[in-house]
Amino acid sequence: MPAITLPDGSVRQFDGATTGTAVAAAIGPGLARAAVAMSLNGKLVDLSTVIDEDAALRFITRKDDIVLEMIRHDTAHVLAEAVQALWPGTQVTIGPSIKDGFYYDFFRNQPFTPEDFEAIEAKMREIIAANAPFEREEWDRDAAIAFFEEKGERFKAELIRDLPESETISIYRQGAWLDLCRGPHMRGTGDIGTAFKLMKVAGAYWRGDHRNPMLTRIYGTAWRDQKELDAYLHQLEEAEKRDHRRIGREMDLFHIQEEAVGQIFWHAKGWRLYTVLQDYMRRLQTRHGYQEVRTPQLVDRALWEASGHWDKYREHMFIATVEDEEKTLALKPMNCPCHVQIFRHGLRSYRELPLRMAEFGACHRYEPSGALHGIMRVRGFTQDDAHIFCTEEQIASETASFVAMLDEVYRDLGFENFRVKFSDRPEARAGDDETWDKSEKALKEACALAGVSFETNPGEGAFYGPKLEFVLTDAIGRDWQCGTLQVDFILPERLDASYIGEDSARHRPVMLHRAILGSFERFIGILIEQFAGRFPLWLAPTQVVVASIVTDAEPYAQDVAEKLRRAGLQVEVDGRNEKINAKIREHSLARVPVILVVGRREAEEGKVAMRRLGGSAQEILGLEDAVRLLGDEARAPDMRRLQG
RNA sequence: GCCGACAUAGCUCAGGGGUAGAGCAACUGAUUCGUAAUCAGUAGGUCCUCGGUUCAAUUCCGAGUGUCGGCACCA
């Protein structure tokens, strides 16, 4: 006699075991039509699930956002059926819903191409139109394995074999086709609707392991209706316009070419942005008690052997040799071993700790070709790196002040939201478990002190210690690690760093590896996408264009520009023989934040007509006022804070 | 690195077995025009590289390089 409690608090009694379908029908035909699944005691299940005891029930209709996940998951099943119908012998593997869509991984000797999409989508529409119900069955484990092996589905068989013994083996049928699946699903394929689209094909390793065979993955997107789908596709187009590679070209910031793959040719404007950012970071870190150093690019392999990097990362290092010498040198892939050299050069006292050593360290890593991505993932980059040599007791407070500094920087640069991941010990690591226990504990306590909440990223730590990763998202929705803080008990040991304690004995310092931007290259990439190239005045490579209306006004335009330059602004004069409309248009498209228009009138009266990017209003200002206003506004945020 | 796609003027792209075209940009001239494109003209290309097929390859085939999208990697 199940009593079913609905979200409005009402309770319905049923004589015997019932199903969601029956309950919905009992409530009303409208709901019966609309309900596609249900939440039973908080768990999302099929509508056909049998209810034989008291339960809290909420029906899921297309209005619920959770239905998007179901649509996507169901669409993945339909995709798999379509593909197997068109290319028998293709093996199925897994097909989950993901952000904005779904994918399905297939094994087939010949990969799919986007040209196949049309045929696949047509077949999918057929399957959806047939509206076969999704039917759940629970199978015996061995029978399921035998069944899939019989069919030649060795990946499916392997999946079942690897499921824990306690797991129920459930199968979902849709018409004549079936798949191993945990569920839940909507009522039938017809519930999917027609707002789906196959997006791209890609290779993906079976179970995400590069030693395994490569599968063909088909990505798709699916939505409740065409309107949502169109909106999503439009959003993708908009994101593409923010792509830092595109804006970098449009704004003449940088380029990359074949002769220096993975390295950046910074053009004048891009470099201006870079140096403004670097100056800002330098001021900030000085204020936060860091000392800046500079260490060599080429360092003998002996040091990398001692640090452990040679062993682990040799293939990813650029090696340099000279004919006259036996030595093998490596372009530094990171700065820490060099910083330890400075630390251990001479005797250190506990009184010097925490010692915060910073370097804008230019590093080179031979990144896999497939990893390269614009200026975000490169082979030559510069970290805003620093190492804090401290005692164990100082870890927490140093972490807290680091997080405060990072927070300040991210806010100043327009990032209010960022995610923090805590990555703990990886499989391949240096140091014993005791040390790792100590490091992870220290870092977690430090997070608590700093009020940092994080998600855990198991097994993703550095080989020498656990790390915090500060993650920002690019225009296309991809995550990038920028800031980081890593606790390291290992390197000081390996490279024999020590200080003299209060007790006059030698002690090992702890090293905190930390970066805020991560690399200038990556961060500037993110910054470009964040602002879509429309930088705040202090970061803009060209801050002001003075545009003359008539040739007569050009001398005055030059005069205006000169005064602005003296106030520290980056100014260009557009004295070309073009109509003012054309100039406004061009400089607006070039994302110049401020255009000062000057004609005869302004020249006579000593004024400027100021127009801001994105607005159409103009403001008439006296020249001196404009210079003061813009000069003030162009100050970096830290300078404003200092100067008020 | 792996799978796939792509590579033509500075940019965006069209074309196609008989050595290439558009728009924008550039340059020249005219125009001096007050807030998102003035008009006219000119110039610009080893069609990524190497090899093969062919009377003939930028086009077809192969290899390489690079880029893009994923996957794997990311000290």
# chains A, B, ... in the order shown; residues from 1 in each chain; ligands from 1
>>> select_by_dssp(residues="range 199-356 of chain A", states="helix (DSSP H, G or I)", output="ChimeraX atom specification")
/A:206-208,226-242,244-250,258-260,268-287,301-307,309-316,336-343,350-352
>>> residues_around(residues="Phe196 in chain A", least_positions_apart="2", cutoff="10 Å", atoms="only C-alpha atoms (C1' of nucleotides)", output="list in words")
Ile71, Arg72, Thr75, Gly101, Glu121, Met124, Arg125, Ile192, Gly193, Thr194, Leu198, Met199, Gly220, Thr221, Ala222, Trp223, Arg224, Asp225, Gln226, Glu228 and Leu229 of chain A
>>> write_last_selection(atoms="N, CA, C and O atoms", output="CSV table (one decimal), in the first residue's frame")
chain,number,residue,atom,x,y,z
A,71,ILE,N,18.2,13.9,-22.1
A,71,ILE,CA,18.1,14.0,-23.6
A,71,ILE,C,19.4,13.6,-24.2
A,71,ILE,O,19.5,12.9,-25.2
A,72,ARG,N,20.5,14.1,-23.6
A,72,ARG,CA,21.8,13.9,-24.2
A,72,ARG,C,22.3,12.5,-24.1
A,72,ARG,O,22.8,11.9,-25.0
A,75,THR,N,20.2,10.5,-26.5
A,75,THR,CA,20.7,10.8,-27.9
A,75,THR,C,22.0,10.0,-28.2
A,75,THR,O,22.1,9.5,-29.3
A,101,GLY,N,26.3,18.6,-24.2
A,101,GLY,CA,26.1,17.5,-25.2
A,101,GLY,C,26.4,16.1,-24.8
A,101,GLY,O,26.2,15.8,-23.6
A,121,GLU,N,22.8,11.3,-38.9
A,121,GLU,CA,21.8,12.1,-38.3
A,121,GLU,C,20.4,11.6,-38.9
A,121,GLU,O,19.4,11.6,-38.2
A,124,MET,N,19.4,8.6,-37.2
A,124,MET,CA,19.0,9.0,-35.8
A,124,MET,C,17.5,9.5,-35.8
A,124,MET,O,16.7,9.2,-34.9
A,125,ARG,N,17.2,10.3,-36.8
A,125,ARG,CA,15.9,10.9,-36.8
A,125,ARG,C,14.8,9.8,-37.1
A,125,ARG,O,13.8,9.9,-36.5
A,192,ILE,N,13.3,12.4,-27.1
A,192,ILE,CA,14.5,13.2,-27.3
A,192,ILE,C,14.2,14.5,-28.1
A,192,ILE,O,14.7,15.6,-27.8
A,193,GLY,N,13.3,14.4,-29.0
A,193,GLY,CA,13.0,15.6,-29.8
A,193,GLY,C,14.0,15.6,-31.0
A,193,GLY,O,14.7,14.7,-31.3
A,194,THR,N,14.0,16.8,-31.7
A,194,THR,CA,14.8,16.8,-32.9
A,194,THR,C,16.0,17.9,-32.8
A,194,THR,O,16.7,18.1,-33.7
A,198,LEU,N,25.3,16.5,-34.6
A,198,LEU,CA,26.6,15.9,-34.5
A,198,LEU,C,27.6,17.0,-34.7
A,198,LEU,O,27.5,17.8,-35.7
A,199,MET,N,28.6,17.1,-33.9
A,199,MET,CA,29.5,18.2,-34.0
A,199,MET,C,30.9,17.9,-34.5
A,199,MET,O,31.5,18.6,-35.4
A,220,GLY,N,28.4,15.2,-30.0
A,220,GLY,CA,27.2,15.8,-30.5
A,220,GLY,C,26.6,16.8,-29.4
A,220,GLY,O,27.1,16.8,-28.3
A,221,THR,N,25.7,17.6,-29.8
A,221,THR,CA,25.0,18.4,-28.8
A,221,THR,C,23.5,18.1,-29.0
A,221,THR,O,23.0,17.8,-30.0
A,222,ALA,N,22.8,18.3,-27.9
A,222,ALA,CA,21.3,18.1,-27.9
A,222,ALA,C,20.6,19.0,-26.9
A,222,ALA,O,21.2,19.2,-25.8
A,223,TRP,N,19.5,19.5,-27.3
A,223,TRP,CA,18.8,20.4,-26.5
A,223,TRP,C,17.3,20.1,-26.5
A,223,TRP,O,16.8,19.3,-27.2
A,224,ARG,N,16.5,20.9,-25.7
A,224,ARG,CA,15.1,20.7,-25.6
A,224,ARG,C,14.4,21.0,-26.9
A,224,ARG,O,13.5,20.3,-27.3
A,225,ASP,N,14.8,22.1,-27.5
A,225,ASP,CA,14.1,22.5,-28.8
A,225,ASP,C,15.1,23.2,-29.7
A,225,ASP,O,16.2,23.6,-29.3
A,226,GLN,N,14.7,23.5,-30.9
A,226,GLN,CA,15.5,24.1,-31.9
A,226,GLN,C,16.0,25.5,-31.4
A,226,GLN,O,17.2,25.9,-31.7
A,228,GLU,N,16.8,26.5,-28.4
A,228,GLU,CA,18.0,26.3,-27.5
A,228,GLU,C,19.2,25.9,-28.3
A,228,GLU,O,20.3,26.3,-28.0
A,229,LEU,N,19.0,25.0,-29.2
A,229,LEU,CA,20.1,24.5,-30.1
A,229,LEU,C,20.7,25.7,-30.8
A,229,LEU,O,21.9,25.9,-30.9
>>> interface_residues(of="chain A", to="chain B", cutoff="8 Å", atoms="only C-alpha atoms (C1' of nucleotides)", output="count of residues only")
42
>>> residues_around(residues="Leu303 in chain A", least_positions_apart="2", cutoff="12 Å", atoms="only C-alpha atoms (C1' of nucleotides)", output="ChimeraX atom specification")
/A:298-301,305-311,327-332,334-341,491,494-496
>>> atom_distance(atom1="CA of Ala617 in chain A", atom2="CA of Leu539 in chain A")
22.7 Å
>>> residues_around(residues="range 16-25 of chain B", least_positions_apart="2", cutoff="10 Å", atoms="only C-alpha atoms (C1' of nucleotides)", output="list of chain:residue names")
B:U8, B:G10, B:C11, B:U12, B:C13, B:A14, B:G45, B:C47, B:U54, B:A56, B:A57, B:U58, B:U59, B:C60
>>> residues_around(residues="range 178-187 of chain A", least_positions_apart="3", cutoff="7 Å", atoms="only C-alpha atoms (C1' of nucleotides)", output="PyMOL selection string")
chain A and resi 36-37+44-47+70+74+133-134+170-174+191
>>> write_last_selection(atoms="N, CA, C and O atoms", output="short mmCIF file (atom, residue, chain, number, x, y, z; two decimals), in the first residue's frame")
data_model
loop_
_atom_site.label_atom_id
_atom_site.label_comp_id
_atom_site.auth_asym_id
_atom_site.auth_seq_id
_atom_site.Cartn_x
_atom_site.Cartn_y
_atom_site.Cartn_z
N VAL A 36 8.62 12.66 -18.15
CA VAL A 36 9.51 11.79 -18.93
C VAL A 36 10.36 10.91 -18.02
O VAL A 36 10.94 9.93 -18.45
N ALA A 37 10.43 11.29 -16.75
CA ALA A 37 11.20 10.51 -15.79
C ALA A 37 10.74 10.98 -14.42
O ALA A 37 9.82 11.80 -14.31
N LEU A 44 17.10 9.95 -9.44
CA LEU A 44 16.53 10.04 -10.77
C LEU A 44 16.38 8.63 -11.35
O LEU A 44 17.35 7.89 -11.45
N VAL A 45 15.14 8.25 -11.70
CA VAL A 45 14.90 6.91 -12.24
C VAL A 45 13.93 6.95 -13.42
O VAL A 45 13.29 7.97 -13.68
N ASP A 46 13.83 5.79 -14.09
CA ASP A 46 12.87 5.65 -15.19
C ASP A 46 11.46 5.82 -14.65
O ASP A 46 11.15 5.44 -13.52
N LEU A 47 10.60 6.32 -15.48
CA LEU A 47 9.19 6.48 -15.11
C LEU A 47 8.55 5.12 -14.88
O LEU A 47 7.61 4.98 -14.10
N MET A 70 19.35 13.95 -19.61
CA MET A 70 18.69 12.73 -20.08
C MET A 70 18.57 12.75 -21.59
O MET A 70 18.80 11.74 -22.26
N ASP A 74 20.22 9.92 -23.82
CA ASP A 74 19.37 9.14 -24.73
C ASP A 74 19.84 9.31 -26.17
O ASP A 74 19.85 8.35 -26.96
N PRO A 133 10.14 2.49 -27.00
CA PRO A 133 10.31 2.72 -25.57
C PRO A 133 11.68 2.23 -25.09
O PRO A 133 12.20 1.24 -25.61
N PHE A 134 12.25 2.95 -24.12
CA PHE A 134 13.46 2.45 -23.46
C PHE A 134 12.99 1.44 -22.41
O PHE A 134 12.18 1.77 -21.54
N SER A 170 22.51 -3.76 -15.72
CA SER A 170 21.25 -3.39 -16.36
C SER A 170 21.47 -3.13 -17.84
O SER A 170 22.50 -2.63 -18.26
N ILE A 171 20.45 -3.50 -18.61
CA ILE A 171 20.48 -3.39 -20.05
C ILE A 171 19.29 -2.54 -20.45
O ILE A 171 18.22 -2.67 -19.86
N TYR A 172 19.49 -1.67 -21.40
CA TYR A 172 18.36 -0.89 -21.91
C TYR A 172 18.13 -1.25 -23.36
O TYR A 172 19.04 -1.23 -24.17
N ARG A 173 16.87 -1.59 -23.63
CA ARG A 173 16.48 -1.86 -25.01
C ARG A 173 15.80 -0.63 -25.58
O ARG A 173 15.09 0.08 -24.87
N GLN A 174 16.00 -0.40 -26.85
CA GLN A 174 15.19 0.57 -27.58
C GLN A 174 14.87 -0.14 -28.90
O GLN A 174 15.72 -0.24 -29.77
N ASP A 191 11.04 10.93 -26.95
CA ASP A 191 11.16 12.02 -25.99
C ASP A 191 12.37 12.92 -26.25
O ASP A 191 12.50 13.99 -25.68
#
>>> residues_around(residues="Glu165 in chain A", least_positions_apart="4", cutoff="12 Å", atoms="only C-alpha atoms (C1' of nucleotides)", output="PDB file with N, CA and C atoms, in the first residue's frame")
ATOM      1  N   ASP A 140      21.857 -11.340 -15.636  1.00  0.00           N
ATOM      2  CA  ASP A 140      22.899 -12.050 -14.906  1.00  0.00           C
ATOM      3  C   ASP A 140      24.246 -11.639 -15.494  1.00  0.00           C
ATOM      4  N   ARG A 141      25.192 -11.441 -14.621  1.00  0.00           N
ATOM      5  CA  ARG A 141      26.501 -10.944 -15.013  1.00  0.00           C
ATOM      6  C   ARG A 141      27.176 -11.808 -16.083  1.00  0.00           C
ATOM      7  N   ASP A 142      27.287 -13.097 -15.811  1.00  0.00           N
ATOM      8  CA  ASP A 142      27.981 -13.975 -16.751  1.00  0.00           C
ATOM      9  C   ASP A 142      27.240 -14.073 -18.073  1.00  0.00           C
ATOM     10  N   ILE A 160      31.756  -4.919 -18.411  1.00  0.00           N
ATOM     11  CA  ILE A 160      30.951  -5.681 -17.446  1.00  0.00           C
ATOM     12  C   ILE A 160      31.864  -6.457 -16.501  1.00  0.00           C
ATOM     13  N   ARG A 161      32.892  -7.049 -17.101  1.00  0.00           N
ATOM     14  CA  ARG A 161      33.819  -7.843 -16.300  1.00  0.00           C
ATOM     15  C   ARG A 161      34.442  -6.980 -15.183  1.00  0.00           C
ATOM     16  N   ILE A 169      23.704  -5.526 -13.206  1.00  0.00           N
ATOM     17  CA  ILE A 169      23.969  -5.352 -14.638  1.00  0.00           C
ATOM     18  C   ILE A 169      22.644  -5.011 -15.308  1.00  0.00           C
TER      19      ILE A 169
END
>>> atom_distance(atom1="CA of Leu277 in chain A", atom2="CA of Gly518 in chain A")
12.7 Å
>>> atom_distance(atom1="CA of His234 in chain A", atom2="C1' of C6 in chain B")
22.9 Å
>>> residues_around(residues="Val378 in chain A", least_positions_apart="6", cutoff="9 Å", atoms="only C-alpha atoms (C1' of nucleotides)", output="number ranges by chain")
A: 261-264, 364-367, 371-372, 521-522
>>> write_last_selection(atoms="N, CA, C and O atoms", output="compact mmCIF listing (two decimals), in the first residue's frame")
# COMPACT_ATOMS: atom_id res chain seq x y z
N VAL A 261 58.37 26.76 -33.47
CA VAL A 261 57.09 26.19 -33.04
C VAL A 261 56.95 26.26 -31.52
O VAL A 261 57.88 25.95 -30.80
N GLY A 262 55.80 26.70 -31.10
CA GLY A 262 55.55 26.75 -29.66
C GLY A 262 56.23 27.91 -28.97
O GLY A 262 56.31 27.94 -27.74
N GLN A 263 56.72 28.84 -29.74
CA GLN A 263 57.33 30.02 -29.13
C GLN A 263 56.75 31.26 -29.78
O GLN A 263 56.32 31.24 -30.92
N ILE A 264 56.79 32.34 -29.04
CA ILE A 264 56.00 33.49 -29.45
C ILE A 264 56.86 34.64 -29.94
O ILE A 264 57.82 35.02 -29.29
N HIS A 364 61.85 26.56 -20.96
CA HIS A 364 61.54 25.84 -22.20
C HIS A 364 61.23 24.40 -21.90
O HIS A 364 61.95 23.75 -21.15
N ARG A 365 60.16 23.92 -22.46
CA ARG A 365 59.80 22.51 -22.32
C ARG A 365 59.40 21.99 -23.68
O ARG A 365 58.66 22.66 -24.40
N TYR A 366 59.87 20.80 -23.98
CA TYR A 366 59.49 20.20 -25.25
C TYR A 366 58.13 19.55 -25.07
O TYR A 366 58.01 18.37 -24.76
N GLU A 367 57.08 20.34 -25.24
CA GLU A 367 55.72 19.85 -25.06
C GLU A 367 55.33 18.99 -26.26
O GLU A 367 55.75 19.29 -27.38
N ALA A 371 49.82 19.06 -27.96
CA ALA A 371 49.39 19.83 -26.79
C ALA A 371 49.43 21.33 -27.06
O ALA A 371 48.82 22.09 -26.33
N LEU A 372 50.17 21.73 -28.08
CA LEU A 372 50.37 23.16 -28.33
C LEU A 372 49.05 23.82 -28.65
O LEU A 372 48.21 23.27 -29.34
N GLU A 521 52.47 33.99 -20.89
CA GLU A 521 51.87 33.64 -22.18
C GLU A 521 50.45 33.13 -21.99
O GLU A 521 49.51 33.61 -22.61
N ARG A 522 50.31 32.14 -21.14
CA ARG A 522 48.98 31.58 -20.92
C ARG A 522 48.04 32.61 -20.34
O ARG A 522 46.91 32.75 -20.78
>>> select_by_dssp(residues="range 507-569 of chain A", states="strand (DSSP E)", output="list in words")
His507, Val510, Met511, Leu512, His513, Arg514, Ala515, Ile516, Leu517, Gly518, Ser519, Val544, Val545, Val546, Ala547 and Ser548 of chain A
